[in-house]
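Trainee: As input, take work.csv (CSV, C-alpha atoms and all ligand atoms):
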```
chain,number,residue,atom,x,y,z
A,1,MET,CA,-11.4,-13.2,21.5
A,2,ARG,CA,-10.3,-9.6,20.7
A,3,THR,CA,-7.9,-8.1,23.0
A,4,GLY,CA,-7.2,-4.4,23.5
A,5,ARG,CA,-5.8,-2.5,20.6
A,6,ILE,CA,-2.1,-1.9,20.7
A,7,GLY,CA,0.0,0.8,19.1
A,8,HIS,CA,-1.9,3.9,20.1
A,9,PRO,CA,0.4,6.9,19.8
A,10,GLU,CA,2.2,7.5,23.0
A,11,GLY,CA,4.2,10.5,21.9
A,12,GLY,CA,6.4,8.9,19.3
A,13,THR,CA,9.1,10.8,17.5
A,14,SER,CA,8.6,14.4,16.6
A,15,PRO,CA,8.3,15.1,12.9
A,16,ASP,CA,11.3,16.6,11.2
A,17,ALA,CA,9.2,19.6,10.2
A,18,PRO,CA,5.5,19.8,11.2
A,19,PRO,CA,3.2,20.4,8.2
A,20,SER,CA,2.0,24.0,7.9
A,21,PRO,CA,-1.6,24.8,8.8
A,22,ARG,CA,-2.1,25.6,5.1
A,23,LEU,CA,-1.1,22.1,4.0
A,24,ALA,CA,-3.3,20.6,6.7
A,25,ARG,CA,-6.2,22.6,5.4
A,26,ASP,CA,-5.5,21.7,1.8
A,27,LEU,CA,-5.1,17.9,2.5
A,28,GLU,CA,-8.4,18.0,4.2
A,29,ARG,CA,-9.9,19.7,1.1
A,30,LEU,CA,-8.3,17.1,-1.2
A,31,ALA,CA,-9.8,14.3,0.9
A,32,GLN,CA,-13.2,15.9,1.2
A,33,ARG,CA,-13.5,16.6,-2.5
A,34,PHE,CA,-12.0,13.4,-3.7
A,35,PRO,CA,-14.2,11.3,-6.0
A,36,TYR,CA,-13.7,8.0,-4.2
A,37,ASP,CA,-16.5,6.3,-6.3
A,38,ARG,CA,-14.6,7.2,-9.5
A,39,SER,CA,-11.3,5.8,-8.3
A,40,LEU,CA,-12.2,2.8,-6.3
A,41,PRO,CA,-12.8,0.6,-9.4
A,42,ASP,CA,-9.2,1.4,-10.4
A,43,ASP,CA,-7.8,0.0,-7.2
A,44,PRO,CA,-7.1,-3.7,-6.4
A,45,LEU,CA,-9.0,-3.1,-3.2
A,46,SER,CA,-12.2,-3.1,-5.3
A,47,LEU,CA,-11.7,-6.9,-5.8
A,48,VAL,CA,-11.1,-7.6,-2.1
A,49,GLN,CA,-14.1,-5.7,-0.9
A,50,PRO,CA,-16.6,-8.3,-2.1
A,51,PHE,CA,-15.1,-10.7,0.4
A,52,ALA,CA,-15.4,-8.3,3.4
A,53,ALA,CA,-18.1,-10.4,5.0
A,54,HIS,CA,-15.7,-13.3,5.1
A,55,PRO,CA,-12.6,-12.1,6.9
A,56,ARG,CA,-10.4,-15.1,6.2
A,57,SER,CA,-11.2,-15.0,2.5
A,58,ALA,CA,-10.7,-11.2,2.4
A,59,GLU,CA,-7.3,-11.6,4.1
A,60,ILE,CA,-6.3,-14.2,1.5
A,61,VAL,CA,-7.5,-12.2,-1.5
A,62,GLY,CA,-5.9,-9.1,0.0
A,63,VAL,CA,-2.5,-10.8,0.2
A,64,PHE,CA,-2.7,-11.9,-3.4
A,65,ALA,CA,-4.0,-8.5,-4.5
A,66,ALA,CA,-1.3,-6.5,-2.6
A,67,THR,CA,1.5,-8.8,-3.8
A,68,MET,CA,0.5,-8.1,-7.4
A,69,ALA,CA,0.1,-4.4,-6.9
A,70,VAL,CA,2.8,-3.3,-9.3
A,71,GLY,CA,2.4,-1.8,-12.7
A,72,ASN,CA,-0.6,-0.7,-14.7
A,73,VAL,CA,-3.8,-0.7,-12.6
A,74,GLN,CA,-5.9,-2.2,-15.4
A,75,THR,CA,-3.3,-5.0,-15.8
A,76,ILE,CA,-3.3,-5.7,-12.1
A,77,LEU,CA,-7.1,-5.9,-12.0
A,78,GLY,CA,-7.1,-8.3,-15.1
A,79,SER,CA,-4.4,-10.5,-13.5
A,80,LEU,CA,-6.2,-10.6,-10.2
A,81,ARG,CA,-9.5,-11.5,-11.8
A,82,SER,CA,-8.0,-14.4,-13.6
A,83,LEU,CA,-6.2,-15.6,-10.5
A,84,LEU,CA,-9.5,-15.4,-8.5
A,85,ASP,CA,-11.2,-17.4,-11.3
A,86,GLN,CA,-8.7,-20.2,-10.6
A,87,ILE,CA,-9.0,-19.9,-6.8
A,88,GLY,CA,-12.8,-20.1,-7.0
A,89,PRO,CA,-15.6,-18.4,-5.0
A,90,ASP,CA,-14.3,-19.5,-1.5
A,91,PRO,CA,-10.7,-18.5,-1.1
A,92,ALA,CA,-10.6,-19.7,2.6
A,93,ALA,CA,-11.7,-23.2,1.5
A,94,PHE,CA,-9.2,-23.1,-1.4
A,95,ILE,CA,-6.3,-22.4,1.1
A,96,GLU,CA,-7.6,-24.8,3.8
A,97,ARG,CA,-7.8,-27.7,1.3
A,98,PHE,CA,-4.6,-26.7,-0.6
A,99,ASP,CA,-2.7,-29.8,-1.5
A,100,PRO,CA,1.0,-29.3,-1.2
A,101,VAL,CA,1.6,-32.0,-3.8
A,102,GLY,CA,1.5,-30.4,-7.2
A,103,TRP,CA,1.4,-26.8,-5.9
A,104,ARG,CA,3.9,-25.8,-8.6
A,105,ASP,CA,1.4,-26.4,-11.3
A,106,ARG,CA,-1.8,-25.6,-9.5
A,107,LEU,CA,-2.2,-22.1,-10.9
A,108,HIS,CA,-0.4,-22.7,-14.2
A,109,PRO,CA,-0.1,-20.7,-16.5
A,110,TRP,CA,-1.1,-17.6,-14.6
A,111,LYS,CA,1.4,-14.7,-14.8
A,112,HIS,CA,1.4,-11.0,-13.9
A,113,ARG,CA,4.5,-9.1,-15.1
A,114,TRP,CA,7.4,-11.0,-13.5
A,115,ILE,CA,5.2,-12.7,-10.9
A,116,ARG,CA,4.6,-16.3,-11.9
A,117,TRP,CA,2.0,-19.1,-11.2
A,118,ASP,CA,4.5,-21.1,-9.3
A,119,GLN,CA,5.2,-18.2,-6.9
A,120,MET,CA,1.5,-17.7,-6.4
A,121,GLY,CA,1.1,-21.4,-5.8
A,122,PHE,CA,3.8,-21.3,-3.2
A,123,LEU,CA,2.1,-18.3,-1.6
A,124,ALA,CA,-1.0,-20.4,-1.3
A,125,LEU,CA,1.1,-23.1,0.3
A,126,ARG,CA,2.6,-20.7,2.8
A,127,LEU,CA,-0.9,-19.4,3.7
A,128,HIS,CA,-2.1,-22.9,4.2
A,129,GLU,CA,0.8,-23.5,6.6
A,130,ILE,CA,0.3,-20.1,8.4
A,131,TYR,CA,-3.4,-20.8,9.1
A,132,ARG,CA,-2.6,-24.2,10.4
A,133,ARG,CA,0.2,-22.8,12.7
A,134,TYR,CA,-1.5,-19.5,13.7
A,135,PRO,CA,-5.3,-19.9,14.1
A,136,GLY,CA,-5.5,-16.1,14.4
A,137,GLY,CA,-4.2,-15.8,10.9
A,138,LEU,CA,-2.1,-12.9,9.6
A,139,GLU,CA,-3.6,-10.5,12.1
A,140,SER,CA,-2.1,-12.5,14.9
A,141,VAL,CA,1.2,-12.8,13.0
A,142,PHE,CA,1.3,-9.0,12.6
A,143,ARG,CA,0.3,-8.4,16.2
A,144,ALA,CA,3.1,-10.7,17.5
A,145,GLY,CA,5.6,-8.8,15.3
A,146,MET,CA,4.4,-5.5,16.7
A,147,GLU,CA,4.9,-6.6,20.2
A,148,GLU,CA,8.4,-7.8,19.3
A,149,GLY,CA,9.1,-4.6,17.5
A,150,GLY,CA,8.9,-2.0,20.2
A,151,GLU,CA,6.8,0.6,21.9
A,152,SER,CA,6.7,3.4,19.4
A,153,PRO,CA,4.3,3.3,16.4
A,154,GLU,CA,7.4,3.2,14.1
A,155,GLN,CA,9.0,0.3,15.9
A,156,ALA,CA,5.8,-1.6,16.3
A,157,PHE,CA,4.7,-1.2,12.7
A,158,ALA,CA,8.1,-2.2,11.3
A,159,GLY,CA,8.1,-5.2,13.6
A,160,GLY,CA,4.6,-6.2,12.3
A,161,LEU,CA,5.7,-5.9,8.7
A,162,ASP,CA,8.8,-7.9,9.4
A,163,ALA,CA,6.7,-10.6,11.0
A,164,LEU,CA,4.4,-10.8,7.9
A,165,SER,CA,7.5,-10.9,5.7
A,166,ARG,CA,9.0,-13.8,7.7
A,167,ALA,CA,5.7,-15.7,7.8
A,168,LEU,CA,4.9,-15.3,4.1
A,169,ARG,CA,8.5,-16.2,3.2
A,170,TRP,CA,9.0,-19.2,5.5
A,171,GLY,CA,5.5,-20.2,6.7
A,172,SER,CA,6.5,-19.4,10.4
A,173,LEU,CA,7.9,-16.6,12.5
A,174,ASP,CA,10.9,-18.6,13.5
A,175,GLN,CA,12.0,-19.4,10.0
A,176,SER,CA,12.2,-23.1,10.8
A,177,PRO,CA,13.3,-25.2,7.9
A,178,THR,CA,10.4,-26.4,5.7
A,179,PHE,CA,10.1,-29.3,3.3
A,180,TYR,CA,9.4,-27.2,0.3
A,181,GLU,CA,11.9,-24.8,-1.3
A,182,PRO,CA,10.5,-21.6,-2.6
A,183,PRO,CA,10.6,-21.0,-6.3
A,184,ALA,CA,13.1,-18.5,-7.8
A,185,GLY,CA,12.2,-14.9,-7.0
A,186,TYR,CA,9.6,-15.8,-4.4
A,187,LEU,CA,11.4,-14.4,-1.3
A,188,ASN,CA,11.9,-11.1,-3.1
A,189,LEU,CA,8.1,-10.6,-3.1
A,190,PHE,CA,8.0,-10.1,0.6
A,191,PRO,CA,10.7,-7.7,1.8
A,192,SER,CA,11.1,-6.5,5.4
A,193,PRO,CA,11.6,-2.9,6.4
A,194,LEU,CA,14.3,-4.2,8.7
A,195,ALA,CA,16.3,-5.7,5.9
A,196,PRO,CA,19.5,-4.1,4.5
A,197,GLY,CA,18.6,-1.2,2.2
A,198,ARG,CA,15.4,-0.6,4.3
A,199,PRO,CA,12.8,-1.1,1.5
A,200,THR,CA,9.5,0.8,1.6
A,201,CYS,CA,7.5,-2.5,1.7
A,202,LYS,CA,4.7,-0.7,-0.1
A,203,ARG,CA,2.7,-3.8,-0.9
A,204,LEU,CA,2.7,-5.2,2.6
A,205,ALA,CA,1.9,-1.8,4.1
A,206,LEU,CA,-0.9,-1.4,1.6
A,207,PHE,CA,-2.3,-4.8,2.6
A,208,VAL,CA,-2.2,-3.8,6.3
A,209,ARG,CA,-3.9,-0.5,5.5
A,210,TRP,CA,-6.8,-2.4,3.9
A,211,MET,CA,-7.1,-4.8,6.8
A,212,VAL,CA,-6.8,-2.2,9.7
A,213,ARG,CA,-8.4,1.1,8.7
A,214,THR,CA,-12.0,1.1,9.6
A,215,ALA,CA,-13.1,4.1,7.4
A,216,PRO,CA,-14.1,3.4,3.8
A,217,PRO,CA,-12.7,2.3,1.4
A,218,ASP,CA,-10.7,0.1,3.7
A,219,LEU,CA,-12.1,-3.0,5.4
A,220,GLY,CA,-11.3,-2.7,9.1
A,221,LEU,CA,-11.1,-6.4,9.7
A,222,TRP,CA,-8.1,-6.5,12.0
A,223,ARG,CA,-9.8,-4.9,15.0
A,224,SER,CA,-7.0,-5.6,17.5
A,225,ILE,CA,-4.6,-3.2,15.6
A,226,SER,CA,-5.0,0.6,16.0
A,227,PRO,CA,-5.0,2.6,12.7
A,228,SER,CA,-2.8,5.0,14.5
A,229,VAL,CA,0.3,2.8,13.9
A,230,LEU,CA,-0.2,2.6,10.1
A,231,HIS,CA,2.5,3.9,7.8
A,232,VAL,CA,2.0,5.1,4.3
A,233,PRO,CA,2.3,2.5,1.5
A,234,LEU,CA,4.8,4.6,-0.4
A,235,ASP,CA,4.2,4.3,-4.1
A,236,THR,CA,5.6,6.6,-6.8
A,237,HIS,CA,2.5,8.8,-6.7
A,238,VAL,CA,2.4,9.4,-3.0
A,239,TYR,CA,6.1,10.0,-2.9
A,240,TRP,CA,6.0,12.5,-5.8
A,241,ILE,CA,3.3,14.6,-4.2
A,242,ALA,CA,4.7,14.3,-0.7
A,243,LYS,CA,8.1,15.5,-1.9
A,244,HIS,CA,6.5,18.4,-3.8
A,245,VAL,CA,4.3,19.6,-0.9
A,246,GLY,CA,7.1,19.3,1.6
A,247,LEU,CA,6.2,16.2,3.6
A,248,THR,CA,9.7,14.7,2.9
A,249,ASP,CA,13.0,16.1,1.8
A,250,ARG,CA,14.5,12.6,1.2
A,251,LYS,CA,15.6,11.8,-2.3
A,252,THR,CA,15.1,8.1,-2.3
A,253,ARG,CA,12.1,5.9,-1.6
A,254,THR,CA,13.2,3.9,1.4
A,255,TRP,CA,11.8,3.0,4.8
A,256,PRO,CA,13.2,6.2,6.4
A,257,THR,CA,11.2,8.2,3.8
A,258,VAL,CA,8.1,6.2,4.8
A,259,THR,CA,8.6,7.1,8.4
A,260,GLN,CA,9.4,10.8,7.7
A,261,ILE,CA,6.2,11.2,5.7
A,262,THR,CA,4.1,9.3,8.3
A,263,ARG,CA,5.5,11.3,11.2
A,264,ALA,CA,4.3,14.5,9.4
A,265,LEU,CA,0.9,13.0,8.6
A,266,ARG,CA,0.6,11.8,12.2
A,267,VAL,CA,0.7,15.4,13.4
A,268,LEU,CA,-2.4,16.1,11.3
A,269,ASP,CA,-4.2,13.0,12.5
A,270,PRO,CA,-2.6,11.0,15.3
A,271,ASN,CA,-5.4,8.4,15.2
A,272,ASP,CA,-5.4,7.8,11.4
A,273,PRO,CA,-2.1,9.0,9.8
A,274,VAL,CA,-2.7,7.3,6.5
A,275,ARG,CA,-6.2,8.8,6.0
A,276,PHE,CA,-5.0,10.7,3.0
A,277,ASP,CA,-3.2,7.8,1.3
A,278,PHE,CA,-6.0,6.7,-1.1
A,279,ALA,CA,-6.7,10.3,-2.3
A,280,LEU,CA,-2.9,11.0,-2.7
A,281,ALA,CA,-2.2,7.8,-4.6
A,282,HIS,CA,-5.2,8.1,-6.8
A,283,THR,CA,-4.6,11.7,-7.6
A,284,GLY,CA,-1.6,10.4,-9.4
A,285,ILE,CA,-3.1,7.2,-10.7
A,286,SER,CA,-6.1,8.9,-12.2
A,287,GLY,CA,-4.1,11.7,-13.8
A,288,ASP,CA,-5.6,14.4,-11.6
A,289,CYS,CA,-1.9,15.4,-11.0
A,290,PRO,CA,0.0,15.6,-14.3
A,291,LYS,CA,3.3,15.8,-12.4
A,292,HIS,CA,4.2,19.0,-14.3
A,293,ARG,CA,2.8,22.5,-14.0
A,294,ASP,CA,-0.4,22.6,-16.1
A,295,ALA,CA,-2.5,25.6,-15.7
A,296,GLU,CA,-5.8,23.8,-16.5
A,297,VAL,CA,-5.3,20.6,-14.5
A,298,CYS,CA,-3.5,22.2,-11.6
A,299,GLY,CA,-6.2,24.8,-11.4
A,300,ARG,CA,-8.5,22.3,-9.7
A,301,CYS,CA,-5.9,20.9,-7.4
A,302,ALA,CA,-6.4,21.4,-3.7
A,303,LEU,CA,-2.7,21.2,-3.1
A,304,ARG,CA,-1.8,23.9,-5.5
A,305,PRO,CA,-0.9,26.5,-2.8
A,306,ASP,CA,1.6,23.9,-1.3
A,307,CYS,CA,3.1,22.5,-4.5
A,308,ASP,CA,6.6,23.4,-5.3
A,309,LEU,CA,6.1,22.7,-8.9
A,310,TRP,CA,3.1,25.0,-9.2
A,311,GLN,CA,4.8,27.7,-7.1
A,312,GLY,CA,7.9,27.4,-9.3
A,313,ARG,CA,10.3,27.1,-6.3
A,314,GLY,CA,14.0,25.9,-6.5
A,315,GLY,CA,15.3,23.3,-8.9
A,316,LEU,CA,11.8,22.0,-9.4
A,317,ARG,CA,11.1,25.1,-11.5
A,318,ARG,CA,13.7,24.1,-14.0
A,319,ALA,CA,12.0,20.7,-14.5
A,320,SER,CA,8.6,22.2,-15.0
A,321,ARG,CA,9.3,25.3,-17.1
A,322,GLY,CA,9.2,23.8,-20.6
A,323,ARG,CA,6.2,21.6,-19.9
A,324,ASP,CA,4.3,24.6,-18.5
A,325,ARG,CA,4.7,26.7,-21.6
A,326,ALA,CA,4.3,24.1,-24.2
A,327,SER,CA,1.9,21.6,-22.7
A,328,PRO,CA,-0.9,21.1,-25.2
A,329,ARG,CA,-2.5,18.4,-23.0
A,330,THR,CA,-6.1,18.6,-21.9
A,331,PRO,CA,-7.3,17.3,-18.5
A,332,ALA,CA,-8.9,14.4,-20.3
A,333,SER,CA,-5.8,13.5,-22.2
A,334,VAL,CA,-3.7,13.7,-19.0
A,335,ARG,CA,-6.1,11.4,-17.3
A,336,SER,CA,-6.2,9.0,-20.2
A,337,SER,CA,-2.4,8.7,-20.5
A,338,ALA,CA,-2.1,8.4,-16.7
A,339,ARG,CA,-4.7,5.6,-16.6
A,340,ARG,CA,-2.7,3.8,-19.2
A,341,ALA,CA,0.4,4.2,-17.2
A,342,GLY,CA,-1.1,4.5,-13.8
A,343,SER,CA,0.2,2.1,-11.2
A,344,ARG,CA,-0.2,1.5,-7.5
B,401,LIG,S1,-0.4,21.7,-8.3
B,401,LIG,FE1,-0.4,20.4,-10.2
B,401,LIG,S2,1.6,19.4,-10.2
B,401,LIG,FE2,1.2,20.2,-8.1
B,401,LIG,S3,0.3,18.5,-6.9
B,401,LIG,FE3,-1.4,19.7,-7.8
B,401,LIG,S4,-1.9,18.8,-9.8
B,401,LIG,FE4,0.2,18.0,-9.1
```
Please go through the file and, once you have read it, give me the structure as structure tokens.

Mentor:
Amino acid sequence: MRTGRIGHPEGGTSPDAPPSPRLARDLERLAQRFPYDRSLPDDPLSLVQPFAAHPRSAEIVGVFAATMAVGNVQTILGSLRSLLDQIGPDPAAFIERFDPVGWRDRLHPWKHRWIRWDQMGFLALRLHEIYRRYPGGLESVFRAGMEEGGESPEQAFAGGLDALSRALRWGSLDQSPTFYEPPAGYLNLFPSPLAPGRPTCKRLALFVRWMVRTAPPDLGLWRSISPSVLHVPLDTHVYWIAKHVGLTDRKTRTWPTVTQITRALRVLDPNDPVRFDFALAHTGISGDCPKHRDAEVCGRCALRPDCDLWQGRGGLRRASRGRDRASPRTPASVRSSARRAGSR
């Protein structure tokens, strides 16, 4: 049975600097004009959506997809398709019947960049354990972590991600010893925002965005969690644009940067602070933002009035000057090279 949503904004922390009305207007324009239909096929979410009618399978595919969301988007999609081929048409049944004996070779020889088949086999084993231990699945794990985390959206969300990290690493929230030792590198796939170094936990935050947000393209399967607690999955593209339009002044991509950007976005939309995430990320992935001043490409950018690089302000002007004068690139070539290199 669903219970009341938790994590509605109750005041929270004030943003370090509220976004200007102009930036609010321009982000709205970006989101309204954004060609979602063009970019969705370039997102791992496109391979999770077909399972939306089967929440457990969607959750499972979502975890695998988000865990692999590093590097070139076309490579991610190819790797995910080949993994799904091995998992079969019913991921929930695959996990439920997952036989711990032989897990190490179950998905051999699948590989995506440094992520190996034995790590994905172990993830399947952990999911098998989690669903046996927590019938409410990863939603209930996340919700328990939020309740442990604290009252504010920041505390609650960090607590939820920490709980997912613990469960996916250890198979339970209490990190009780388990029979099977994880393969080398497995634990690093699921960092916690509470760990030393305060990592951004982009992949887990992305997975939670897919599960919680109810507006397209996200799936809205975790109905007991309010979208108001979500934090940005801070990839290189979102960070780059956020920095250049003044949503953060932090020089590193860490959890405090995530919270600073999210606080600013929460001022714009307290109920859905990551509403702009897909458009911001795919502006970079698709090559709509060349990450240098380009008169032709930037001419169509809704964020141009806010962009330090376009406005030629401060140290950013030095970085852009040469590219601005010399750039022979066309919008098509920019998009083409970005799609080759584009990553989530
Ligand atoms: S103005 Fe140009 S460089 Fe700045 S965000 Fe827009 S496309 Fe990117």

Trainee: Go ahead and find all residues with at least one atom no further than 10 Å from (-6.8, 11.9, -2.2) in the file's coordinates, using only C-alpha atoms; report them as a list in words.

Mentor: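 With a cut-off of 10 Å, the residues come to Leu27, Glu28, Arg29, Leu30, Ala31, Gln32, Arg33, Phe34, Pro35, Tyr36, Ser39, Val238, Arg275, Phe276, Asp277, Phe278, Ala279, Leu280, Ala281, His282, Thr283, Gly284, Asp288 and Ala302 of chain A.
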
Trainee: I'd like to know which of A:Ala144, A:Leu173, A:Val61, A:Met68 is closest to Gly159 of chain A, using all atoms listed in the file.

Mentor: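 For Gly159 of chain A, the nearest of the candidates is A:Ala144.
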
Trainee: Can you work out the spacing between atom CA of Arg143 of chain A and atom CA of Phe179 of chain A in Å, to one decimal?

Mentor: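 Going from atom CA of Arg143 of chain A over to atom CA of Phe179 of chain A covers 26.4 Å.
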
Trainee: Quick check, in Å to one decimal: how far apart do atom CA of Asp26 of chain A and atom CA of Thr248 of chain A lie?

Mentor: 16.8 Å

Trainee: What's the separation between atom S4 of ligand LIG 401 (chain B) and atom CA of Cys301 of chain A, in Å to one decimal place?

Mentor: 5.1 Å

Trainee: Counting only C-alpha atoms, what is within 7 Å of segment 254-258 of chain A, bar same-chain residues fewer than 6 positions away, as a list in words?

Mentor: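 The filter keeps Pro193, Arg198, Pro199, Thr200, His231, Val232, Leu234 and Thr248 of chain A.
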
Trainee: With distances taken over all atoms listed in the file, which of A:Ile76, A:Gly136, A:Leu23, A:Tyr131 is nearest to ligand LIG 401 (chain B)?

Mentor: A:Leu23

Trainee: For each of A:Cys289, A:Gln311, A:Phe142, A:Asp218, take the minimum atom-to-atom distance to Ile241 of chain A, counting only C-alpha atoms, then give the residue where this is smallest.

Mentor: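 Answer, going by the shortest atom-to-atom distance: A:Cys289.
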
Trainee: Name the residues, using the chain letters and numbers of the file, that sit within 9 Å of (0.3, -12.7, 10.0) when counting all atoms listed in the file, and give them as a PyMOL selection string.

Mentor: chain A and resi 130-131+134+136-145+160-161+163-165+167-168+173

Trainee: Taking only C-alpha atoms and all ligand atoms into account, which residues are within 9 Å of ligand LIG 401 (chain B), as a ChimeraX atom specification?

Mentor: /A:240-242,244-245,283-284,287-311,320

Trainee: Find the residues near Trp170 of chain A: any atom within 10 Å, counting all atoms listed in the file, skip ones fewer than 4 places away on the same chain, and give them as a PyMOL selection string.

Mentor: chain A and resi 123+126+129-130+164-166+174-178+180-182+187

Trainee: Of the candidates A:Gln86, A:Ile95, A:Tyr186, A:Leu80, which one gets nearest to His108 of chain A if we count all atoms listed in the file?

Mentor: A:Gln86

Trainee: When you count only C-alpha atoms, which of these residues is closest to Pro89 of chain A: A:Arg213, A:Arg313, A:Arg250, A:His54?

Mentor: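 Result for the nearest residue to Pro89 of chain A: A:His54.
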
Trainee: Kindly indicate which residue among A:Asn72, A:Ser82, A:Ala205, A:Asp105 lies nearest to Asp42 of chain A, using all atoms listed in the file for the distances.

Mentor: A:Asn72

Trainee: Counting only C-alpha atoms, give me one row per residue of segment 179-247 of chain A with an atom at most 12 Å from an atom of segment 153-157 of chain A, showing the shortest contact pair and its distance in Å to one decimal, sorted by chain then residue number, as JSON lines.

Mentor:
```
{"residue": "A:Ser192", "atom": "CA", "partner": "A:Phe157", "partner_atom": "CA", "distance": 11.1}
{"residue": "A:Pro193", "atom": "CA", "partner": "A:Phe157", "partner_atom": "CA", "distance": 9.5}
{"residue": "A:Leu194", "atom": "CA", "partner": "A:Gln155", "partner_atom": "CA", "distance": 10.0}
{"residue": "A:Cys201", "atom": "CA", "partner": "A:Phe157", "partner_atom": "CA", "distance": 11.4}
{"residue": "A:Leu204", "atom": "CA", "partner": "A:Phe157", "partner_atom": "CA", "distance": 11.0}
{"residue": "A:Ala205", "atom": "CA", "partner": "A:Phe157", "partner_atom": "CA", "distance": 9.1}
{"residue": "A:Val208", "atom": "CA", "partner": "A:Phe157", "partner_atom": "CA", "distance": 9.8}
{"residue": "A:Arg209", "atom": "CA", "partner": "A:Phe157", "partner_atom": "CA", "distance": 11.2}
{"residue": "A:Val212", "atom": "CA", "partner": "A:Phe157", "partner_atom": "CA", "distance": 11.9}
{"residue": "A:Ile225", "atom": "CA", "partner": "A:Phe157", "partner_atom": "CA", "distance": 9.9}
{"residue": "A:Ser226", "atom": "CA", "partner": "A:Pro153", "partner_atom": "CA", "distance": 9.7}
{"residue": "A:Pro227", "atom": "CA", "partner": "A:Pro153", "partner_atom": "CA", "distance": 10.0}
{"residue": "A:Ser228", "atom": "CA", "partner": "A:Pro153", "partner_atom": "CA", "distance": 7.5}
{"residue": "A:Val229", "atom": "CA", "partner": "A:Pro153", "partner_atom": "CA", "distance": 4.7}
{"residue": "A:Leu230", "atom": "CA", "partner": "A:Phe157", "partner_atom": "CA", "distance": 6.7}
{"residue": "A:His231", "atom": "CA", "partner": "A:Phe157", "partner_atom": "CA", "distance": 7.4}
{"residue": "A:Val232", "atom": "CA", "partner": "A:Phe157", "partner_atom": "CA", "distance": 10.8}
```

Trainee: Taking the partial coordinates given, rebuild segment 60-74 of chain A to contain N, CA and C atoms; return it as a PDB file, in the frame of the given file.

Mentor:
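Below is the file that was written, part-v3.pdb:
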```
ATOM      1  N   ILE A  60      -6.989 -13.430   2.551  1.00  0.00           N
ATOM      2  CA  ILE A  60      -6.300 -14.200   1.500  1.00  0.00           C
ATOM      3  C   ILE A  60      -6.263 -13.432   0.193  1.00  0.00           C
ATOM      4  N   VAL A  61      -7.432 -12.964  -0.230  1.00  0.00           N
ATOM      5  CA  VAL A  61      -7.500 -12.200  -1.500  1.00  0.00           C
ATOM      6  C   VAL A  61      -6.663 -10.931  -1.362  1.00  0.00           C
ATOM      7  N   GLY A  62      -6.699 -10.323  -0.176  1.00  0.00           N
ATOM      8  CA  GLY A  62      -5.900  -9.100   0.000  1.00  0.00           C
ATOM      9  C   GLY A  62      -4.421  -9.348  -0.113  1.00  0.00           C
ATOM     10  N   VAL A  63      -3.927 -10.474   0.393  1.00  0.00           N
ATOM     11  CA  VAL A  63      -2.500 -10.800   0.200  1.00  0.00           C
ATOM     12  C   VAL A  63      -2.144 -10.962  -1.231  1.00  0.00           C
ATOM     13  N   PHE A  64      -2.951 -11.726  -1.938  1.00  0.00           N
ATOM     14  CA  PHE A  64      -2.700 -11.900  -3.400  1.00  0.00           C
ATOM     15  C   PHE A  64      -2.735 -10.565  -4.096  1.00  0.00           C
ATOM     16  N   ALA A  65      -3.777  -9.782  -3.811  1.00  0.00           N
ATOM     17  CA  ALA A  65      -4.000  -8.500  -4.500  1.00  0.00           C
ATOM     18  C   ALA A  65      -2.805  -7.554  -4.244  1.00  0.00           C
ATOM     19  N   ALA A  66      -2.410  -7.445  -2.971  1.00  0.00           N
ATOM     20  CA  ALA A  66      -1.300  -6.500  -2.600  1.00  0.00           C
ATOM     21  C   ALA A  66      -0.009  -6.978  -3.218  1.00  0.00           C
ATOM     22  N   THR A  67       0.214  -8.285  -3.233  1.00  0.00           N
ATOM     23  CA  THR A  67       1.500  -8.800  -3.800  1.00  0.00           C
ATOM     24  C   THR A  67       1.592  -8.479  -5.265  1.00  0.00           C
ATOM     25  N   MET A  68       0.447  -8.397  -5.933  1.00  0.00           N
ATOM     26  CA  MET A  68       0.500  -8.100  -7.400  1.00  0.00           C
ATOM     27  C   MET A  68       0.368  -6.625  -7.677  1.00  0.00           C
ATOM     28  N   ALA A  69       0.337  -5.768  -6.652  1.00  0.00           N
ATOM     29  CA  ALA A  69       0.100  -4.400  -6.900  1.00  0.00           C
ATOM     30  C   ALA A  69       1.297  -3.618  -7.399  1.00  0.00           C
ATOM     31  N   VAL A  70       1.711  -4.021  -8.567  1.00  0.00           N
ATOM     32  CA  VAL A  70       2.800  -3.300  -9.300  1.00  0.00           C
ATOM     33  C   VAL A  70       2.379  -3.175 -10.724  1.00  0.00           C
ATOM     34  N   GLY A  71       2.677  -2.002 -11.260  1.00  0.00           N
ATOM     35  CA  GLY A  71       2.400  -1.800 -12.700  1.00  0.00           C
ATOM     36  C   GLY A  71       1.077  -1.154 -12.952  1.00  0.00           C
ATOM     37  N   ASN A  72       0.660  -1.274 -14.177  1.00  0.00           N
ATOM     38  CA  ASN A  72      -0.600  -0.700 -14.700  1.00  0.00           C
ATOM     39  C   ASN A  72      -1.783  -1.201 -13.906  1.00  0.00           C
ATOM     40  N   VAL A  73      -2.644  -0.296 -13.460  1.00  0.00           N
ATOM     41  CA  VAL A  73      -3.800  -0.700 -12.600  1.00  0.00           C
ATOM     42  C   VAL A  73      -4.718  -1.654 -13.346  1.00  0.00           C
ATOM     43  N   GLN A  74      -4.958  -1.371 -14.625  1.00  0.00           N
ATOM     44  CA  GLN A  74      -5.900  -2.200 -15.400  1.00  0.00           C
ATOM     45  C   GLN A  74      -5.306  -3.637 -15.552  1.00  0.00           C
TER      46      GLN A  74
END
```
